[in-house]
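**Student:** Here it is, the structure in full.
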Amino acid sequence: MARTRILVADDFADWRLKIREQVSHSSDIVGEACNGLEAVQKAAELQPDVVILDLNMPRMNGVEAARCIRQRSRSTAVIFLTETADADIQGQALTIGHACVLKRNAYTELLAAIKAAQAAAASERESDFSSRT
């Protein structure tokens with residue numbers, strides 16, 4: 001079975017490293033970005049299966065970056081990482097992405113969120129395909 005290809009975008013190098021350490025045994029980190037604009041550019045270039053985005057990044061926030069990424073590739077699953085538990089912010093993020101994980105819960109929830117996000121993106125692809133036929 002093919003390993004999941006992941007792009008990690010967070011403005012803090014320590015968080016990118018923590019995510020890499022957590023998922024590298026089951027997935028391939030194909031790239032990293034330190035701001036939202038770079039995340040959009042690298043997602044277009046690398047075509048990852050999953051993009052893990054910090055909600056609050058310089059140059060372009062995670063929500064705007066996710067919009068751009070999803071416009072270019074509906075098959076890319078998007079997971080947001082955030083430090084805020086604000087339900088409104090998380091709700092807005094989930095209208096674009098597939099999962100939202102609090103950073104403090106990343107060690108216990110991120111792997112499950114990757115699987116759930118991939119399943120949701122696959123369901124969207126199938127729905128898009130069905131509506132075209």
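Simple scheme: letters A, B, ... for chains in structure tokens order, numbers from 1 for residues in each chain, numbers from 1 for ligands in the order shown.
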Run DSSP on the backbone and tell me which residues of chain A come out as helix (DSSP H, G or I); list them as a PyMOL selection string.

**Tutor:** chain A and resi 13-23+36-46+62-72+87-94+103-132

**Student:** Can you tell me, as number ranges by chain, what residues are no more than 9 Å from A:Ala77 when counting only C-alpha atoms, ignoring any on the same chain fewer than 2 positions away?

**Tutor:** A: 48-52, 70, 74-75, 79, 97-99, 114, 117-122

**Student:** Tell me which of A:Met57, A:Ala13, A:Ala43, A:Ala112 sits closest to A:Thr76, counting only C-alpha atoms.

**Tutor:**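 For A:Thr76, the nearest of the given residues is A:Ala43.
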
**Student:** Contacts of A:Asp88 at 12 Å or less, counting only C-alpha atoms, minus same-chain residues fewer than 6 places along, as a list in words?

**Tutor:**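 These residues fall inside the cut-off: Leu94, Thr95 and Cys100 of chain A.
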
**Student:** Pick from A:Ser27, A:Ala39, A:Glu45, A:Glu83: nearest to A:Ala66, with only C-alpha atoms counted?

**Tutor:**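 Using only C-alpha atoms, A:Ala66 sits closest to A:Ala39.
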
**Student:** Just want the 9 Å neighbourhood of A:Pro58, counted on only C-alpha atoms, with same-chain residues fewer than 5 positions away dropped. Output as a ChimeraX atom specification.

**Tutor:** /A:11,34-37

**Student:** Using C-alpha atoms, can you export the residues from the last selection as a PDB file, in the first residue's frame?

**Tutor:**
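Contents of out23.pdb, freshly written:
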```
ATOM      1  CA  ASP A  11       5.527  29.066  10.850  1.00  0.00           C
ATOM      2  CA  CYS A  34       6.780  28.270   6.866  1.00  0.00           C
ATOM      3  CA  ASN A  35       3.933  30.500   5.664  1.00  0.00           C
ATOM      4  CA  GLY A  36       0.607  30.201   3.865  1.00  0.00           C
ATOM      5  CA  LEU A  37       1.813  31.472   0.505  1.00  0.00           C
TER       6      LEU A  37
END
```

**Student:** What does the distance between atom CA of A:Ala116 and atom CA of A:Ser24 come to in Å, to one decimal place?

**Tutor:**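 Separation of atom CA of A:Ala116 and atom CA of A:Ser24: 17.6 Å.
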
**Student:** Quick one: residues within 8 Å of stretch 62-64 of chain A, only C-alpha atoms, excluding same-chain residues fewer than 5 positions away - as an MDAnalysis selection string?

**Tutor:** chainID A and resid 36 53:57 80 93 96

**Student:** What gap, in Å, lies between atom CA of A:Ile29 and atom CA of A:Ile6?

**Tutor:**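 Atom CA of A:Ile6 lies 4.8 Å from atom CA of A:Ile29.
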
**Student:** Name the residues in contact with A:Trp15 at a cut-off of 12 Å, using only C-alpha atoms, excluding same-chain residues fewer than 4 positions from it; report them as a ChimeraX atom specification.

**Tutor:** /A:8-11,19-22,32-34,52-54,81-83,103-104,106-107

**Student:** Selected residues, N, CA and C atoms, written as a PDB file, in the first residue's frame, please.

**Tutor:**
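Ended up saving to out02.pdb:
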```pdb
ATOM      1  N   VAL A   8       3.650  19.745   5.273  1.00  0.00           N
ATOM      2  CA  VAL A   8       3.434  20.348   6.588  1.00  0.00           C
ATOM      3  C   VAL A   8       3.717  21.842   6.495  1.00  0.00           C
ATOM      4  N   ALA A   9       2.748  22.664   6.922  1.00  0.00           N
ATOM      5  CA  ALA A   9       2.908  24.116   6.885  1.00  0.00           C
ATOM      6  C   ALA A   9       2.639  24.713   8.255  1.00  0.00           C
ATOM      7  N   ASP A  10       3.672  25.238   8.850  1.00  0.00           N
ATOM      8  CA  ASP A  10       3.575  25.907  10.151  1.00  0.00           C
ATOM      9  C   ASP A  10       4.723  26.894  10.225  1.00  0.00           C
ATOM     10  N   ASP A  11       4.476  28.065  10.785  1.00  0.00           N
ATOM     11  CA  ASP A  11       5.527  29.066  10.850  1.00  0.00           C
ATOM     12  C   ASP A  11       6.556  28.777  11.939  1.00  0.00           C
ATOM     13  N   ILE A  19       5.561  17.332  14.039  1.00  0.00           N
ATOM     14  CA  ILE A  19       4.643  16.633  13.128  1.00  0.00           C
ATOM     15  C   ILE A  19       5.400  15.591  12.321  1.00  0.00           C
ATOM     16  N   ARG A  20       6.559  15.977  11.807  1.00  0.00           N
ATOM     17  CA  ARG A  20       7.388  15.042  11.035  1.00  0.00           C
ATOM     18  C   ARG A  20       7.688  13.792  11.873  1.00  0.00           C
ATOM     19  N   GLU A  21       8.107  13.992  13.115  1.00  0.00           N
ATOM     20  CA  GLU A  21       8.434  12.864  13.993  1.00  0.00           C
ATOM     21  C   GLU A  21       7.221  11.976  14.240  1.00  0.00           C
ATOM     22  N   GLN A  22       6.061  12.585  14.370  1.00  0.00           N
ATOM     23  CA  GLN A  22       4.873  11.811  14.695  1.00  0.00           C
ATOM     24  C   GLN A  22       4.370  10.980  13.519  1.00  0.00           C
ATOM     25  N   GLU A  32       7.837  20.993   3.373  1.00  0.00           N
ATOM     26  CA  GLU A  32       7.466  21.835   4.503  1.00  0.00           C
ATOM     27  C   GLU A  32       7.363  23.272   4.015  1.00  0.00           C
ATOM     28  N   ALA A  33       6.508  24.037   4.675  1.00  0.00           N
ATOM     29  CA  ALA A  33       6.337  25.452   4.359  1.00  0.00           C
ATOM     30  C   ALA A  33       6.265  26.231   5.666  1.00  0.00           C
ATOM     31  N   CYS A  34       6.778  27.465   5.642  1.00  0.00           N
ATOM     32  CA  CYS A  34       6.780  28.270   6.866  1.00  0.00           C
ATOM     33  C   CYS A  34       5.794  29.424   6.811  1.00  0.00           C
ATOM     34  N   ILE A  52      -1.132  19.559   6.061  1.00  0.00           N
ATOM     35  CA  ILE A  52      -1.389  19.917   7.452  1.00  0.00           C
ATOM     36  C   ILE A  52      -1.009  21.379   7.599  1.00  0.00           C
ATOM     37  N   LEU A  53      -2.007  22.223   7.887  1.00  0.00           N
ATOM     38  CA  LEU A  53      -1.832  23.678   7.909  1.00  0.00           C
ATOM     39  C   LEU A  53      -2.088  24.263   9.284  1.00  0.00           C
ATOM     40  N   ASP A  54      -1.163  25.087   9.729  1.00  0.00           N
ATOM     41  CA  ASP A  54      -1.425  25.904  10.903  1.00  0.00           C
ATOM     42  C   ASP A  54      -2.451  26.957  10.490  1.00  0.00           C
ATOM     43  N   LEU A  81      -4.220  22.728  12.017  1.00  0.00           N
ATOM     44  CA  LEU A  81      -3.706  22.702  13.384  1.00  0.00           C
ATOM     45  C   LEU A  81      -3.942  24.080  13.970  1.00  0.00           C
ATOM     46  N   THR A  82      -4.375  24.133  15.199  1.00  0.00           N
ATOM     47  CA  THR A  82      -4.634  25.418  15.823  1.00  0.00           C
ATOM     48  C   THR A  82      -4.372  25.362  17.318  1.00  0.00           C
ATOM     49  N   GLU A  83      -4.039  26.505  17.860  1.00  0.00           N
ATOM     50  CA  GLU A  83      -3.872  26.606  19.310  1.00  0.00           C
ATOM     51  C   GLU A  83      -5.161  27.056  19.976  1.00  0.00           C
ATOM     52  N   LYS A 103      -3.466  21.914  18.691  1.00  0.00           N
ATOM     53  CA  LYS A 103      -2.058  21.540  18.804  1.00  0.00           C
ATOM     54  C   LYS A 103      -1.788  20.746  20.079  1.00  0.00           C
ATOM     55  N   ARG A 104      -2.450  21.112  21.153  1.00  0.00           N
ATOM     56  CA  ARG A 104      -2.207  20.389  22.409  1.00  0.00           C
ATOM     57  C   ARG A 104      -2.665  18.932  22.336  1.00  0.00           C
ATOM     58  N   ALA A 106      -2.427  17.164  19.351  1.00  0.00           N
ATOM     59  CA  ALA A 106      -1.863  16.619  18.112  1.00  0.00           C
ATOM     60  C   ALA A 106      -1.275  15.220  18.296  1.00  0.00           C
ATOM     61  N   TYR A 107      -0.616  14.982  19.414  1.00  0.00           N
ATOM     62  CA  TYR A 107       0.007  13.665  19.607  1.00  0.00           C
ATOM     63  C   TYR A 107      -1.010  12.545  19.702  1.00  0.00           C
TER      64      TYR A 107
END
```

**Student:** When DSSP works through the backbone of this structure, what residues of stretch 10-118 of chain A end up as strand (DSSP E or B), shown as a list in words?

**Tutor:** Ser27, Asp28, Ile29, Val30, Gly31, Glu32, Ala33, Val50, Val51, Ile52, Leu53, Asp54, Ala77, Val78, Ile79, Phe80, Leu81, Thr82, Ala99, Cys100, Val101 and Leu102 of chain A

**Student:** Pick out the closest residue to A:Leu7 from this set: A:Lys42, A:Lys115, A:His25, A:Arg67. Count only C-alpha atoms.

**Tutor:**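 Closest candidate: A:Lys42.
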